[in-house]
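The block underneath contains the structure these notes are about, expressed in structure tokens.
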Amino acid sequence: MLLATTLVPLQAVAFGLVALGAPVVVLTRDPLRQALVNGVYGISLVCLFVVLEAPDPALSMLVVSGIGYPLVILAAIARVRGHERRKREKER
Amino acid sequence: MAVLGPALLGLGALFSWAIAGLPAFGDYRGPYGLVLNRVVVPLRHTTNVVMGTTFDVRGVDTMGEEFILYAAVIGVTLLLRDETRSRQAERRTRRLPSDAVRLLGVLMVGGGLLVGLWLMAFGYVTPGGGFQGGVLASGAILLLYVVGSHRDYRPFRDAHALDPLESLGAGGYVVVGLAALASGTAFLTNLFGLGTTGTLLSSGSIAVLNWASAIAVSCAMLLLFAEFLETYVVPLEPEDTAS
């Protein structure tokens with residue numbers, strides 16, 4: 001069993017993308033846009049898992065960050081905005 | 001600032017000290033993974049060691065995870081279900097304006113469903129498995145709602161059909177475990193014939209457990225989608241779509 005002991009350039013690039021992507025997600029203030037940016041960040045994590053030779057977590061990450069998580073956030077945003085809009089209409 | 005400065009400095013020093021003491025990249029100390037890599041293929045006839053671990057060696061953990069998802073769906077349903085609203089949502093029918101987008105969408109539904117089924121079926125031969133395949137397949141079905149209409153999607157949001165199926169998946173997992181217990185061995189012991197390594201007829205119980213979790217996950221996701229759709233379709237209409 002051979003284990004990689006050095007960071008090859010491709011892995012370094014994948015780590016770099018993840019490190020850059022995380023602050024971008026945090027600095028995006030609009031929740032709807034943040035959901036989208038988070039999806040892109042998820043893809044960068046998928047790339048990291050792939051270059052680290054872990055296809056199973058990569059697939060899990062792909063479906064969670066691409067399908068499951070955005071839907072949860074979108075539902076939450078839709079519900080909150082619907083409430084806010086109705087409240088504003090009542091005040092008017 | 002007088003407090004924060006020294007605190008940050010101290011944290012920085014401790015953090016650097018911790019980083020400096022980390023094992024080198026790729027350094028693996030635990031014997032567990034190495035042992036599994038050597039024994040899972042000959043003992044369990046599955047070529048996906050990850051699946052051999054999650055559904056056999058650590059089968060009880062995965063059962064717990066399956067019931068976490070099950071509980072999550074129940075929670076979401078209890079929080080969001082609102083009967084008066086669901087009927088309102090049914091009334092709205094809308095079509096995508098572009099035929100090209102619809103065609104692409106339909107192709108994605110088919111492709112996604114196929115890849116999802118492939119991930120489920122070959123989970124114990126190649127990377128993938130019930131969870132990944134289940135989420136992907138249900139996501140592909142959800143696309144049907146985007147490119148089609150409420151009517152096309154209605155069978156896939158029917159809780160009366162999905163609830164028993166999800167329970168079948170989650171319960172099936174436990175039944176396989178109990179079957180091993182009934183036959184006089186430990187809970188979730190691999191019972192069925194191990195078959196030929198690298199084919200669909202391999203890995204014994206792992207294949208059955210994989211399909212059980214595939215059904216449970218697919219139905220759980222579809223149930224979640226159904227609840228979410230009711231939540232985010234209704235607040236947008238009819239007055240909100242105009243703004």
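How things are named: the first chain in the structure tokens is A, the next is B, and so on; residues count from 1 in each chain; ligands count from 1 in the order shown.
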Using only C-alpha atoms, I'd like a table of the residues in chain B that come within 8 Å of chain A; for each, show the closest atom pair and its distance in Å rounded to one decimal, ordered by chain and ascending number, as CSV.
residue,atom,partner,partner_atom,distance
B:Ala24,CA,A:Thr5,CA,7.2
B:Phe25,CA,A:Thr5,CA,5.7
B:Gly26,CA,A:Thr5,CA,4.6
B:Asp27,CA,A:Thr5,CA,6.3
B:Tyr28,CA,A:Leu3,CA,7.9
B:Leu34,CA,A:Met1,CA,7.5
B:Val50,CA,A:Asp56,CA,7.3
B:Pro127,CA,A:Asp56,CA,5.3
B:Gly128,CA,A:Asp56,CA,5.8
B:Phe131,CA,A:Ser60,CA,7.5
B:Gln132,CA,A:Ser60,CA,5.4
B:Val135,CA,A:Val63,CA,6.2
B:Leu136,CA,A:Val63,CA,6.1
B:Gly139,CA,A:Ile67,CA,6.3
B:Met221,CA,A:Gly68,CA,7.9
B:Phe225,CA,A:Leu71,CA,7.8
B:Phe228,CA,A:Ala75,CA,5.5
B:Leu229,CA,A:Ala75,CA,7.6
B:Thr231,CA,A:Arg79,CA,6.3
B:Tyr232,CA,A:Ala78,CA,5.1
B:Pro235,CA,A:Gly82,CA,5.0
B:Leu236,CA,A:Gly82,CA,7.0
Sel. of alpha helix (DSSP H) residues, segment 20-167 of chain B, as a PyMOL selection string: chain B and resi 20+31-44+49-52+59-80+83-91+99-121+130-147+150-153+159-167
Using only C-alpha atoms, please write the residues we just selected to a file, as a tab-separated table (two decimals), in the first residue's frame.
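Wrote it out as again.tsv, contents follow:
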chain	number	residue	atom	x	y	z
B	20	ALA	CA	4.18	23.07	13.21
B	31	PRO	CA	-3.76	0.79	11.18
B	32	TYR	CA	-7.56	0.55	10.59
B	33	GLY	CA	-7.62	1.83	7.00
B	34	LEU	CA	-4.61	-0.23	5.97
B	35	VAL	CA	-6.15	-3.40	7.41
B	36	LEU	CA	-9.49	-2.72	5.69
B	37	ASN	CA	-7.75	-2.10	2.38
B	38	ARG	CA	-6.18	-5.53	2.64
B	39	VAL	CA	-9.08	-7.59	3.98
B	40	VAL	CA	-12.33	-6.13	2.58
B	41	VAL	CA	-11.95	-7.31	-1.03
B	42	PRO	CA	-11.12	-10.95	-0.23
B	43	LEU	CA	-13.53	-11.20	2.74
B	44	ARG	CA	-16.54	-9.32	1.41
B	49	VAL	CA	-13.75	-0.64	0.19
B	50	VAL	CA	-15.62	2.48	1.32
B	51	MET	CA	-18.92	0.65	0.89
B	52	GLY	CA	-17.52	-2.47	2.53
B	59	GLY	CA	-23.04	-1.15	9.24
B	60	VAL	CA	-24.65	-0.02	12.50
B	61	ASP	CA	-23.32	3.54	12.04
B	62	THR	CA	-24.90	3.74	8.59
B	63	MET	CA	-28.19	2.49	9.98
B	64	GLY	CA	-28.08	5.35	12.47
B	65	GLU	CA	-27.35	7.83	9.69
B	66	GLU	CA	-30.30	6.52	7.71
B	67	PHE	CA	-32.59	7.17	10.65
B	68	ILE	CA	-31.13	10.67	11.06
B	69	LEU	CA	-32.35	11.42	7.52
B	70	TYR	CA	-35.66	9.75	8.33
B	71	ALA	CA	-36.07	11.91	11.44
B	72	ALA	CA	-35.08	15.03	9.48
B	73	VAL	CA	-37.81	14.39	6.91
B	74	ILE	CA	-40.37	13.90	9.66
B	75	GLY	CA	-39.23	17.15	11.25
B	76	VAL	CA	-39.46	19.13	8.01
B	77	THR	CA	-42.87	17.68	7.27
B	78	LEU	CA	-44.19	18.59	10.70
B	79	LEU	CA	-42.82	22.13	10.42
B	80	LEU	CA	-43.88	22.94	6.87
B	83	GLU	CA	-52.93	21.54	3.88
B	84	THR	CA	-54.69	24.72	2.77
B	85	ARG	CA	-51.64	25.91	0.88
B	86	SER	CA	-50.89	22.78	-1.07
B	87	ARG	CA	-54.20	23.02	-2.88
B	88	GLN	CA	-53.45	26.56	-3.94
B	89	ALA	CA	-50.13	25.54	-5.41
B	90	GLU	CA	-51.75	22.88	-7.57
B	91	ARG	CA	-53.76	25.44	-9.44
B	99	ASP	CA	-38.41	25.00	-26.27
B	100	ALA	CA	-34.63	24.66	-26.29
B	101	VAL	CA	-34.46	25.03	-22.50
B	102	ARG	CA	-37.26	22.50	-22.08
B	103	LEU	CA	-35.53	20.02	-24.37
B	104	LEU	CA	-32.26	20.42	-22.47
B	105	GLY	CA	-34.17	20.00	-19.22
B	106	VAL	CA	-35.86	16.81	-20.38
B	107	LEU	CA	-32.51	15.40	-21.47
B	108	MET	CA	-31.09	16.28	-18.05
B	109	VAL	CA	-33.99	14.51	-16.33
B	110	GLY	CA	-33.24	11.32	-18.29
B	111	GLY	CA	-29.48	11.60	-17.92
B	112	GLY	CA	-29.61	12.41	-14.23
B	113	LEU	CA	-32.00	9.57	-13.50
B	114	LEU	CA	-29.80	7.12	-15.41
B	115	VAL	CA	-26.60	8.21	-13.67
B	116	GLY	CA	-28.42	8.07	-10.32
B	117	LEU	CA	-29.60	4.52	-10.94
B	118	TRP	CA	-26.12	3.54	-12.09
B	119	LEU	CA	-24.58	4.97	-8.91
B	120	MET	CA	-27.07	2.98	-6.81
B	121	ALA	CA	-26.68	-0.28	-8.71
B	130	GLY	CA	-27.40	4.34	-2.33
B	131	PHE	CA	-27.02	7.80	-0.83
B	132	GLN	CA	-25.34	9.51	-3.76
B	133	GLY	CA	-27.49	7.73	-6.35
B	134	GLY	CA	-30.67	8.38	-4.39
B	135	VAL	CA	-30.08	12.11	-4.07
B	136	LEU	CA	-29.09	12.42	-7.73
B	137	ALA	CA	-32.08	10.42	-9.01
B	138	SER	CA	-34.54	12.40	-6.90
B	139	GLY	CA	-32.87	15.63	-8.01
B	140	ALA	CA	-33.36	14.57	-11.62
B	141	ILE	CA	-37.04	13.90	-10.91
B	142	LEU	CA	-37.31	17.35	-9.35
B	143	LEU	CA	-36.09	18.81	-12.66
B	144	LEU	CA	-39.27	17.39	-14.16
B	145	TYR	CA	-41.12	19.95	-12.09
B	146	VAL	CA	-38.94	22.74	-13.50
B	147	VAL	CA	-39.28	21.77	-17.16
B	150	HIS	CA	-47.37	20.49	-11.56
B	151	ARG	CA	-49.31	17.74	-13.25
B	152	ASP	CA	-46.18	15.98	-14.56
B	153	TYR	CA	-44.64	16.11	-11.12
B	159	ALA	CA	-46.84	11.41	0.36
B	160	HIS	CA	-49.27	8.47	0.51
B	161	ALA	CA	-47.06	6.57	-1.94
B	162	LEU	CA	-43.69	7.88	-0.73
B	163	ASP	CA	-44.13	7.39	3.02
B	164	PRO	CA	-44.50	3.58	2.89
B	165	LEU	CA	-41.66	3.30	0.36
B	166	GLU	CA	-39.32	5.31	2.56
B	167	SER	CA	-40.25	3.20	5.55
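Taking atom CA of Ile206 of chain B and atom CA of Glu53 of chain A as endpoints, the distance between them is 22.8 Å.
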Residue nearest Val25 of chain A among A:Ser44, A:Gln11, A:Ser65, A:Asn38 (counting only C-alpha atoms): A:Asn38
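With atom CA of Ser218 of chain B on one side and atom CA of Ala186 of chain B on the other, the separation reads 28.7 Å.
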Coordinates-based distance that separates atom CA of Gly148 of chain B from atom CA of Leu223 of chain B (Å, one decimal): 18.6 Å
Residue contacts of Leu191 of chain B (12 Å, only C-alpha atoms) excluding same-chain residues fewer than 3 positions away, as a ChimeraX atom specification: /B:44,56,176-188,194-195,203-209
